[in-house]
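With mmCIF, C-alpha atoms and all ligand atoms inside, this is entry_12.cif:
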```
data_model
loop_
_atom_site.group_PDB
_atom_site.id
_atom_site.type_symbol
_atom_site.label_atom_id
_atom_site.label_comp_id
_atom_site.auth_asym_id
_atom_site.auth_seq_id
_atom_site.Cartn_x
_atom_site.Cartn_y
_atom_site.Cartn_z
ATOM 1 C CA MET K 1 8.017 -17.964 26.400
ATOM 2 C CA PRO K 2 9.214 -17.214 22.824
ATOM 3 C CA PRO K 3 8.286 -13.800 21.352
ATOM 4 C CA LEU K 4 5.148 -13.572 19.217
ATOM 5 C CA LEU K 5 5.940 -14.252 15.585
ATOM 6 C CA ASN K 6 4.565 -11.785 13.037
ATOM 7 C CA LEU K 7 2.912 -13.433 10.057
ATOM 8 C CA SER K 8 1.573 -11.953 6.808
ATOM 9 C CA GLN K 9 -0.694 -13.446 4.172
ATOM 10 C CA GLY K 10 2.317 -14.114 1.949
ATOM 11 C CA GLN K 11 3.956 -16.167 4.689
ATOM 12 C CA LEU K 12 0.756 -18.150 5.292
ATOM 13 C CA ASN K 13 0.498 -18.862 1.565
ATOM 14 C CA THR K 14 4.105 -20.007 1.425
ATOM 15 C CA PHE K 15 3.857 -22.232 4.510
ATOM 16 C CA SER K 16 0.624 -23.842 3.291
ATOM 17 C CA GLN K 17 2.239 -24.578 -0.089
ATOM 18 C CA CYS K 18 5.586 -25.841 1.218
ATOM 19 C CA PRO K 19 6.886 -25.581 4.799
ATOM 20 C CA ARG K 20 10.485 -26.027 3.595
ATOM 21 C CA LYS K 21 10.168 -23.034 1.302
ATOM 22 C CA PHE K 22 8.860 -21.021 4.275
ATOM 23 C CA GLN K 23 11.964 -22.038 6.218
ATOM 24 C CA TYR K 24 14.325 -21.000 3.410
ATOM 25 C CA LEU K 25 12.655 -17.636 2.862
ATOM 26 C CA TYR K 26 11.659 -16.489 6.344
ATOM 27 C CA LEU K 27 13.892 -18.341 8.812
ATOM 28 C CA ASP K 28 17.094 -18.823 6.798
ATOM 29 C CA SER K 29 16.529 -15.476 4.979
ATOM 30 C CA LEU K 30 17.500 -16.856 1.578
ATOM 31 C CA THR K 31 16.520 -14.502 -1.245
ATOM 32 C CA VAL K 32 15.575 -15.070 -4.855
ATOM 33 C CA PRO K 33 16.124 -12.128 -7.227
ATOM 34 C CA PRO K 34 13.234 -11.674 -9.706
ATOM 35 C CA ASP K 35 14.135 -11.569 -13.386
ATOM 36 C CA PRO K 36 14.364 -8.128 -15.072
ATOM 37 C CA GLN K 37 10.839 -8.267 -16.512
ATOM 38 C CA GLN K 38 9.363 -9.129 -13.124
ATOM 39 C CA GLN K 39 11.475 -6.395 -11.561
ATOM 40 C CA LEU K 40 9.937 -3.865 -13.970
ATOM 41 C CA SER K 41 6.454 -5.115 -13.188
ATOM 42 C CA LEU K 42 7.076 -4.867 -9.445
ATOM 43 C CA ALA K 43 8.425 -1.327 -9.846
ATOM 44 C CA TRP K 44 5.301 -0.345 -11.829
ATOM 45 C CA GLY K 45 3.066 -1.846 -9.150
ATOM 46 C CA SER K 46 4.964 -0.084 -6.398
ATOM 47 C CA GLN K 47 4.596 3.270 -8.193
ATOM 48 C CA PHE K 48 0.896 2.647 -8.748
ATOM 49 C CA HIS K 49 0.311 1.876 -5.064
ATOM 50 C CA LEU K 50 2.208 5.013 -4.104
ATOM 51 C CA MET K 51 0.140 7.136 -6.487
ATOM 52 C CA MET K 52 -3.111 5.760 -5.142
ATOM 53 C CA GLN K 53 -1.970 6.476 -1.608
ATOM 54 C CA GLN K 54 -0.979 10.029 -2.566
ATOM 55 C CA ARG K 55 -4.367 10.528 -4.189
ATOM 56 C CA GLU K 56 -6.168 9.262 -1.092
ATOM 57 C CA LEU K 57 -4.174 11.693 1.048
ATOM 58 C CA GLU K 58 -5.140 14.488 -1.387
ATOM 59 C CA LEU K 59 -1.480 15.105 -2.129
ATOM 60 C CA PRO K 60 -0.311 16.044 -5.651
ATOM 61 C CA VAL K 61 0.661 13.085 -7.804
ATOM 62 C CA GLU K 62 1.973 14.940 -10.860
ATOM 63 C CA THR K 63 5.634 14.557 -9.972
ATOM 64 C CA LEU K 64 5.173 10.828 -9.473
ATOM 65 C CA GLN K 65 3.258 10.484 -12.716
ATOM 66 C CA SER K 66 5.654 12.432 -14.914
ATOM 67 C CA GLU K 67 8.040 9.539 -15.450
ATOM 68 C CA THR K 68 5.443 7.054 -16.695
ATOM 69 C CA ALA K 69 2.391 8.219 -18.606
ATOM 70 C CA ASP K 70 0.675 4.837 -18.461
ATOM 71 C CA LEU K 71 0.543 5.069 -14.658
ATOM 72 C CA GLN K 72 -1.589 8.177 -14.982
ATOM 73 C CA ALA K 73 -3.767 6.478 -17.593
ATOM 74 C CA ALA K 74 -4.207 3.417 -15.368
ATOM 75 C CA MET K 75 -5.186 5.548 -12.392
ATOM 76 C CA ALA K 76 -7.665 7.584 -14.454
ATOM 77 C CA ALA K 77 -9.189 4.379 -15.867
ATOM 78 C CA LEU K 78 -9.572 2.938 -12.368
ATOM 79 C CA VAL K 79 -11.216 6.089 -11.031
ATOM 80 C CA ALA K 80 -13.627 6.032 -14.001
ATOM 81 C CA ALA K 81 -14.397 2.339 -13.529
ATOM 82 C CA ALA K 82 -14.933 2.534 -9.759
ATOM 83 C CA PRO K 83 -16.675 5.870 -9.115
ATOM 84 C CA GLU K 84 -18.656 4.424 -6.211
ATOM 85 C CA VAL K 85 -15.556 3.943 -4.143
ATOM 86 C CA LEU K 86 -13.000 6.292 -5.641
ATOM 87 C CA ALA K 87 -14.956 9.425 -6.524
ATOM 88 C CA GLU K 88 -13.967 12.362 -4.356
ATOM 89 C CA THR K 89 -17.586 12.865 -3.326
ATOM 90 C CA THR K 90 -17.721 9.407 -1.740
ATOM 91 C CA GLU K 91 -17.523 9.990 2.006
ATOM 92 C CA PRO K 92 -18.024 6.898 4.128
ATOM 93 C CA PRO K 93 -17.394 7.430 7.836
ATOM 94 C CA PHE K 94 -13.925 5.904 7.530
ATOM 95 C CA ARG K 95 -11.580 5.433 4.586
ATOM 96 C CA GLN K 96 -7.839 4.943 4.641
ATOM 97 C CA SER K 97 -5.187 3.694 2.257
ATOM 98 C CA GLU K 98 -2.341 1.432 3.366
ATOM 99 C CA HIS K 99 -4.367 0.654 6.486
ATOM 100 C CA ARG K 100 -2.590 -1.803 8.795
ATOM 101 C CA ARG K 101 -4.224 -4.098 11.365
ATOM 102 C CA THR K 102 -2.727 -6.756 13.626
ATOM 103 C CA LEU K 103 -4.518 -9.593 15.384
ATOM 104 C CA ALA K 104 -3.067 -11.882 18.057
ATOM 105 C CA PHE K 105 -3.970 -15.486 17.263
ATOM 106 C CA ASP K 106 -2.643 -18.676 18.910
ATOM 107 C CA GLY K 107 0.678 -17.094 19.855
ATOM 108 C CA TYR K 108 1.216 -15.313 16.529
ATOM 109 C CA LEU K 109 0.600 -11.764 15.351
ATOM 110 C CA LEU K 110 -1.326 -11.774 12.079
ATOM 111 C CA THR K 111 -0.681 -8.553 10.173
ATOM 112 C CA VAL K 112 -2.618 -7.230 7.208
ATOM 113 C CA ILE K 113 -2.184 -4.076 5.109
ATOM 114 C CA TYR K 114 -5.225 -3.002 3.108
ATOM 115 C CA ASP K 115 -4.565 -0.952 -0.043
ATOM 116 C CA LEU K 116 -7.819 0.879 0.733
ATOM 117 C CA LEU K 117 -10.333 0.242 3.520
ATOM 118 C CA LEU K 118 -13.864 1.679 3.430
ATOM 119 C CA LEU K 119 -15.925 1.300 6.596
ATOM 120 C CA SER K 120 -19.446 2.485 7.353
ATOM 121 C CA ALA K 121 -21.897 1.550 10.103
ATOM 122 C CA THR K 122 -23.283 -1.274 7.963
ATOM 123 C CA GLN K 123 -20.537 -2.309 5.556
ATOM 124 C CA GLY K 124 -16.835 -2.962 5.286
ATOM 125 C CA GLN K 125 -14.971 -3.072 1.974
ATOM 126 C CA ILE K 126 -11.344 -3.994 1.419
ATOM 127 C CA LEU K 127 -9.880 -2.917 -1.921
ATOM 128 C CA ASP K 128 -6.668 -4.297 -3.331
ATOM 129 C CA TRP K 129 -4.797 -3.180 -6.456
ATOM 130 C CA LYS K 130 -3.261 -5.884 -8.611
ATOM 131 C CA THR K 131 -1.107 -5.294 -11.662
ATOM 132 C CA HIS K 132 -1.317 -8.701 -13.368
ATOM 133 C CA LEU K 133 -2.259 -8.469 -17.042
ATOM 134 C CA VAL K 134 -4.806 -11.272 -16.618
ATOM 135 C CA PRO K 135 -7.262 -11.344 -13.682
ATOM 136 C CA ARG K 136 -7.064 -14.407 -11.472
ATOM 137 C CA ASN K 137 -9.827 -16.951 -11.216
ATOM 138 C CA PRO K 138 -12.333 -15.856 -8.498
ATOM 139 C CA ASP K 139 -12.394 -19.319 -6.900
ATOM 140 C CA ARG K 140 -8.624 -19.350 -6.581
ATOM 141 C CA LEU K 141 -8.671 -15.800 -5.260
ATOM 142 C CA ALA K 142 -11.239 -16.761 -2.620
ATOM 143 C CA GLN K 143 -8.925 -19.566 -1.453
ATOM 144 C CA ASP K 144 -5.841 -17.375 -1.337
ATOM 145 C CA TRP K 145 -4.668 -16.551 2.159
ATOM 146 C CA GLN K 146 -4.627 -12.871 1.262
ATOM 147 C CA THR K 147 -8.400 -12.910 0.822
ATOM 148 C CA ARG K 148 -9.051 -15.184 3.762
ATOM 149 C CA LEU K 149 -6.751 -13.451 6.234
ATOM 150 C CA TYR K 150 -7.746 -9.929 5.212
ATOM 151 C CA LEU K 151 -11.448 -10.656 5.699
ATOM 152 C CA TYR K 152 -10.896 -12.669 8.867
ATOM 153 C CA VAL K 153 -8.892 -9.914 10.560
ATOM 154 C CA LEU K 154 -11.428 -7.265 9.569
ATOM 155 C CA ALA K 155 -14.303 -9.339 10.975
ATOM 156 C CA GLU K 156 -12.384 -9.883 14.220
ATOM 157 C CA THR K 157 -11.475 -6.220 14.651
ATOM 158 C CA THR K 158 -14.813 -4.543 13.872
ATOM 159 C CA ASP K 159 -18.378 -4.953 15.140
ATOM 160 C CA LEU K 160 -19.618 -5.792 11.643
ATOM 161 C CA PRO K 161 -20.876 -9.326 10.906
ATOM 162 C CA PRO K 162 -18.916 -11.301 8.274
ATOM 163 C CA ALA K 163 -21.809 -11.029 5.810
ATOM 164 C CA ALA K 164 -21.357 -7.239 5.790
ATOM 165 C CA LEU K 165 -17.754 -7.532 4.572
ATOM 166 C CA SER K 166 -16.253 -8.033 1.131
ATOM 167 C CA MET K 167 -12.928 -7.893 -0.629
ATOM 168 C CA THR K 168 -12.554 -6.370 -4.084
ATOM 169 C CA TYR K 169 -9.514 -6.990 -6.232
ATOM 170 C CA TRP K 170 -8.996 -4.405 -8.952
ATOM 171 C CA PHE K 171 -6.773 -5.725 -11.719
ATOM 172 C CA VAL K 172 -5.811 -2.279 -12.867
ATOM 173 C CA ARG K 173 -4.350 -3.056 -16.285
ATOM 174 C CA CYS K 174 -5.954 -6.165 -17.720
ATOM 175 C CA GLN K 175 -5.028 -6.777 -21.331
ATOM 176 C CA ASP K 176 -7.702 -7.467 -23.950
ATOM 177 C CA PRO K 177 -6.390 -10.515 -25.862
ATOM 178 C CA GLU K 178 -7.671 -9.151 -29.205
ATOM 179 C CA THR K 179 -7.054 -5.393 -29.060
ATOM 180 C CA GLN K 180 -4.212 -5.513 -26.500
ATOM 181 C CA ASP K 181 -5.954 -2.550 -24.825
ATOM 182 C CA LEU K 182 -5.486 -2.257 -21.069
ATOM 183 C CA ALA K 183 -8.543 -1.717 -18.867
ATOM 184 C CA PRO K 184 -9.320 -2.304 -15.186
ATOM 185 C CA GLN K 185 -11.391 -5.321 -14.161
ATOM 186 C CA ARG K 186 -12.639 -6.231 -10.722
ATOM 187 C CA VAL K 187 -13.299 -9.432 -8.823
ATOM 188 C CA VAL K 188 -15.502 -9.127 -5.728
ATOM 189 C CA ILE K 189 -15.236 -11.788 -3.017
ATOM 190 C CA PRO K 190 -18.166 -11.746 -0.558
ATOM 191 C CA TYR K 191 -17.807 -13.036 3.009
ATOM 192 C CA SER K 192 -20.052 -14.991 5.408
ATOM 193 C CA ALA K 193 -20.192 -16.462 8.906
ATOM 194 C CA PRO K 194 -19.532 -20.058 7.687
ATOM 195 C CA GLN K 195 -16.457 -18.834 5.757
ATOM 196 C CA HIS K 196 -15.292 -17.035 8.886
ATOM 197 C CA ASP K 197 -15.603 -20.221 10.966
ATOM 198 C CA ARG K 198 -13.798 -22.232 8.303
ATOM 199 C CA THR K 199 -10.950 -19.738 8.163
ATOM 200 C CA ARG K 200 -10.612 -19.799 11.963
ATOM 201 C CA ALA K 201 -10.393 -23.613 11.907
ATOM 202 C CA ASP K 202 -7.898 -23.646 9.014
ATOM 203 C CA LEU K 203 -5.783 -20.955 10.655
ATOM 204 C CA THR K 204 -5.703 -22.925 13.905
ATOM 205 C CA GLN K 205 -4.577 -26.045 12.063
ATOM 206 C CA LEU K 206 -1.977 -24.248 9.950
ATOM 207 C CA LEU K 207 -0.449 -22.388 12.893
ATOM 208 C CA ASN K 208 -0.385 -25.599 14.904
ATOM 209 C CA GLN K 209 1.643 -27.196 12.102
ATOM 210 C CA LEU K 210 3.951 -24.170 12.085
ATOM 211 C CA SER K 211 4.452 -24.389 15.855
ATOM 212 C CA GLN K 212 5.321 -28.074 15.573
ATOM 213 C CA ALA K 213 7.787 -27.414 12.742
ATOM 214 C CA LEU K 214 9.410 -24.581 14.715
ATOM 215 C CA ALA K 215 9.694 -26.790 17.805
ATOM 216 C CA ALA K 216 11.246 -29.667 15.824
ATOM 217 C CA ASP K 217 13.704 -27.227 14.249
ATOM 218 C CA ARG K 218 14.611 -25.752 17.630
ATOM 219 C CA THR K 219 14.862 -28.913 19.708
ATOM 220 C CA GLN K 220 15.974 -31.515 17.146
ATOM 221 C CA ASP K 221 17.538 -29.348 14.431
ATOM 222 C CA GLN K 222 15.027 -30.922 12.079
ATOM 223 C CA PRO K 223 14.326 -29.051 8.818
ATOM 224 C CA PHE K 224 10.777 -28.098 7.917
ATOM 225 C CA PRO K 225 8.906 -30.743 5.846
ATOM 226 C CA GLN K 226 9.121 -30.669 2.067
ATOM 227 C CA VAL K 227 5.990 -30.578 -0.055
ATOM 228 C CA ASP K 228 4.890 -33.845 -1.664
ATOM 229 C CA LEU K 229 6.730 -34.155 -4.981
ATOM 230 C CA ASN K 230 3.477 -35.213 -6.698
ATOM 231 C CA GLN K 231 2.003 -31.752 -6.166
ATOM 232 C CA GLY K 232 4.218 -30.522 -8.986
ATOM 233 C CA LEU K 233 5.487 -27.390 -7.224
ATOM 234 C CA CYS K 234 9.182 -28.254 -7.126
ATOM 235 C CA HIS K 235 9.999 -28.005 -10.835
ATOM 236 C CA ARG K 236 9.298 -24.251 -10.808
ATOM 237 C CA CYS K 237 10.669 -23.576 -7.334
ATOM 238 C CA PRO K 238 13.911 -21.578 -7.081
ATOM 239 C CA PHE K 239 15.095 -23.903 -4.305
ATOM 240 C CA ALA K 240 14.768 -27.111 -6.337
ATOM 241 C CA LEU K 241 18.517 -27.618 -6.566
ATOM 242 C CA ARG K 242 18.946 -27.073 -2.816
ATOM 243 C CA CYS K 243 16.155 -29.588 -2.215
ATOM 244 C CA ASP K 244 17.537 -32.066 -4.737
ATOM 245 C CA ARG K 245 14.112 -32.116 -6.324
ATOM 246 C CA THR K 246 14.589 -31.468 -10.049
ATOM 247 C CA PRO K 247 17.008 -31.783 -12.981
ATOM 248 C CA ALA K 248 19.583 -29.016 -13.224
ATOM 249 C CA GLN K 249 18.075 -27.467 -16.361
ATOM 250 C CA THR K 250 14.846 -26.529 -14.546
ATOM 251 C CA THR K 251 16.472 -24.861 -11.581
ATOM 252 C CA GLN K 252 16.506 -21.306 -12.897
ATOM 253 C CA PRO K 253 15.071 -18.922 -10.288
ATOM 254 C CA SER K 254 11.514 -18.119 -11.223
ATOM 255 C CA ILE K 255 8.436 -16.445 -9.821
ATOM 256 C CA ASP K 256 5.028 -17.670 -10.868
ATOM 257 C CA PRO K 257 3.215 -14.490 -12.010
ATOM 258 C CA CYS K 258 -0.137 -16.116 -11.249
ATOM 259 C CA ASP K 259 0.788 -16.896 -7.658
ATOM 260 C CA LEU K 260 0.071 -13.948 -5.387
ATOM 261 C CA SER K 261 2.174 -15.373 -2.603
ATOM 262 C CA THR K 262 5.342 -15.117 -4.722
ATOM 263 C CA ILE K 263 4.783 -11.431 -5.490
ATOM 264 C CA PRO K 264 6.090 -9.327 -2.611
ATOM 265 C CA GLU K 265 3.567 -7.124 -0.845
ATOM 266 C CA VAL K 266 4.297 -3.519 -1.767
ATOM 267 C CA SER K 267 5.344 -1.807 1.444
ATOM 268 C CA LEU K 268 5.035 1.984 1.516
HETATM 269 S S1 LIG U 301 11.952 -27.490 -4.177
HETATM 270 FE FE1 LIG U 301 9.967 -28.316 -3.523
HETATM 271 S S2 LIG U 301 10.338 -29.026 -1.412
HETATM 272 FE FE2 LIG U 301 12.025 -27.646 -1.933
HETATM 273 S S3 LIG U 301 11.375 -25.636 -1.185
HETATM 274 FE FE3 LIG U 301 10.764 -25.777 -3.329
HETATM 275 S S4 LIG U 301 8.654 -26.507 -3.298
HETATM 276 FE FE4 LIG U 301 9.537 -26.934 -1.290
#
```
Please render this file's structure as structure tokens.
Ligand code: SF4
Amino acid sequence: MPPLLNLSQGQLNTFSQCPRKFQYLYLDSLTVPPDPQQQLSLAWGSQFHLMMQQRELELPVETLQSETADLQAAMAALVAAAPEVLAETTEPPFRQSEHRRTLAFDGYLLTVIYDLLLLSATQGQILDWKTHLVPRNPDRLAQDWQTRLYLYVLAETTDLPPAALSMTYWFVRCQDPETQDLAPQRVVIPYSAPQHDRTRADLTQLLNQLSQALAADRTQDQPFPQVDLNQGLCHRCPFALRCDRTPAQTTQPSIDPCDLSTIPEVSL
């Protein structure tokens, strides 16, 4: 029996968008370097996550903040905007940053890492820090595998009903289009039993497709399927040239800043 394969929300997003891209990234281990601006943004996000974790552990953050004043400003603005969950007096029975959970599902290990998890006897809240300058559409966020998997795993690993759970994205430095000021904004995604059932069914179907693709690769050396060209994903995919899917001038490596699955999860 093959070993259990670990899967994250980013990998589910990638496989659901294009199985071939999943193969390139996670089986063939091909890498795509982000451009310098994206690299800076990722470094800022990584520092912000680290600061929030330090704060949650009640460790000093001054040395981390000294290099970049706007990190301190962003953290202070978030604490001011979310006193109900971030104030030091808030004491639910359980709270932990960078909280990891793993769930065995249909021969795979589904792993999630919550930026901050708040659990009480009646409620469960997942908080996630995002550093995009523009908040994402709530409907698209609700469909993202990060939202769906994070809530699904929490419902499966606690005694709380799905309706008692929610996921809150804090976009910690949203830019006002007129003043250019940066301020945090949140998007709250509620959860429910019908959503939970739908996610279970969609997960079963998706992982079944992955198992079939893995088996075809293993037994027939058959590459994973490519996405339908009409979906319009190939022209901005860094593997377009490898896939023979686009003219040469559009094959520059790129990461869609609006696509959460293309932004690496910050691992601390
Ligand atoms: S170019 Fe298109 S088919 Fe190839 S990996 Fe990218 S999205 Fe998939």
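In this model, the gap between CA of Arg100 (chain K) and CA of Leu57 (chain K) comes to 15.6 Å.
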Quiz item: Could you list, as an NGL selection string, all the residues within 8 Å of ligand LIG 301 (chain U), counting all atoms listed in the file?
Solution: :K and (17-22 or 24 or 225-229 or 233-246)
Quiz item: Between CA of Pro223 (chain K) and CA of Ser8 (chain K), what is the spacing in Å?
Solution: 21.4 Å
Exercise. Starting from the shown file, work through the PyMOL selection byres (((chain K and resi 142) around 12) and not hetatm) and note down what comes out as a list of chain:residue names.
Key: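 That selection, the PyMOL selection byres (((chain K and resi 142) around 12) and not hetatm), comes back as K:Arg136, K:Asn137, K:Pro138, K:Asp139, K:Arg140, K:Leu141, K:Gln143, K:Asp144, K:Trp145, K:Gln146, K:Thr147, K:Arg148, K:Leu149, K:Tyr150, K:Leu151, K:Ser166, K:Met167, K:Thr168, K:Tyr169, K:Val187, K:Val188, K:Ile189, K:Pro190, K:Tyr191, K:Gln195, K:Thr199, K:Leu260.
Near Met52 (chain K), within a cut-off of 9 Å and counting all atoms listed in the file, sit the residues Gln47, Leu57, Val61, Met75, Ser97, Asp115 and Leu116 of chain K, with same-chain residues fewer than 5 positions away left out.
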Exercise. Using the chain letters and numbers from the file, give me the residues hit by the PyMOL selection byres (((chain K and resi 45) around 12) and not hetatm), as a PyMOL selection string.
Key: chain K and resi 38-44+46-52+68+70-71+74-75+115+128-133+171-173+263-268
Practice problem: Kindly indicate which residue among K:Val79, K:Val134, K:Leu160, K:Ala73 lies nearest to Ser120 (chain K), using only C-alpha atoms for the distances. | Solution: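 Closest to Ser120 (chain K), using only C-alpha atoms: K:Leu160.
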Exercise. Tell me, as a PyMOL selection string, which residues lie within 10 Å of His99 (chain K), counting only C-alpha atoms; anything in the same chain fewer than 4 positions away does not count.
Key: chain K and resi 95+112-117+126
Quiz item: What lies within 6 Å of Gly124 (chain K) using all atoms listed in the file, ignoring chain neighbours under 3 positions off, as a list in words?
Solution: Leu118, Leu119 and Leu165 of chain K
Practice problem: Could you pull out every residue with an atom within 12 Å of (-3.8, -12.1, 19.5), file coordinates, counting all atoms listed in the file, and send them as a VMD selection string? | Solution: chain K and resid 4 to 7 101 to 111 153 156 to 157
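Closest approach to Arg186 (chain K) among K:Ala163, K:Cys174, K:Ala121, K:Ser211: K:Cys174, based on all atoms listed in the file.
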Self-check item: Nearest residue to Gly10 (chain K) from the set K:Glu178, K:Glu58, K:Gln212, K:Leu25 (distances using only C-alpha atoms)
Solution: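 Residue with the minimum atom-to-atom distance to Gly10 (chain K): K:Leu25.
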Quiz item: What is the CA of Pro184 (chain K) to CA of Ala76 (chain K) distance in Å?
Solution: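 Interatomic distance, CA of Pro184 (chain K) to CA of Ala76 (chain K): 10.1 Å.
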Self-check item: Counting only C-alpha atoms, the option among K:Leu203, K:Leu59, K:Leu86, K:Ala80 closest to Asn13 (chain K)
Solution: K:Leu203
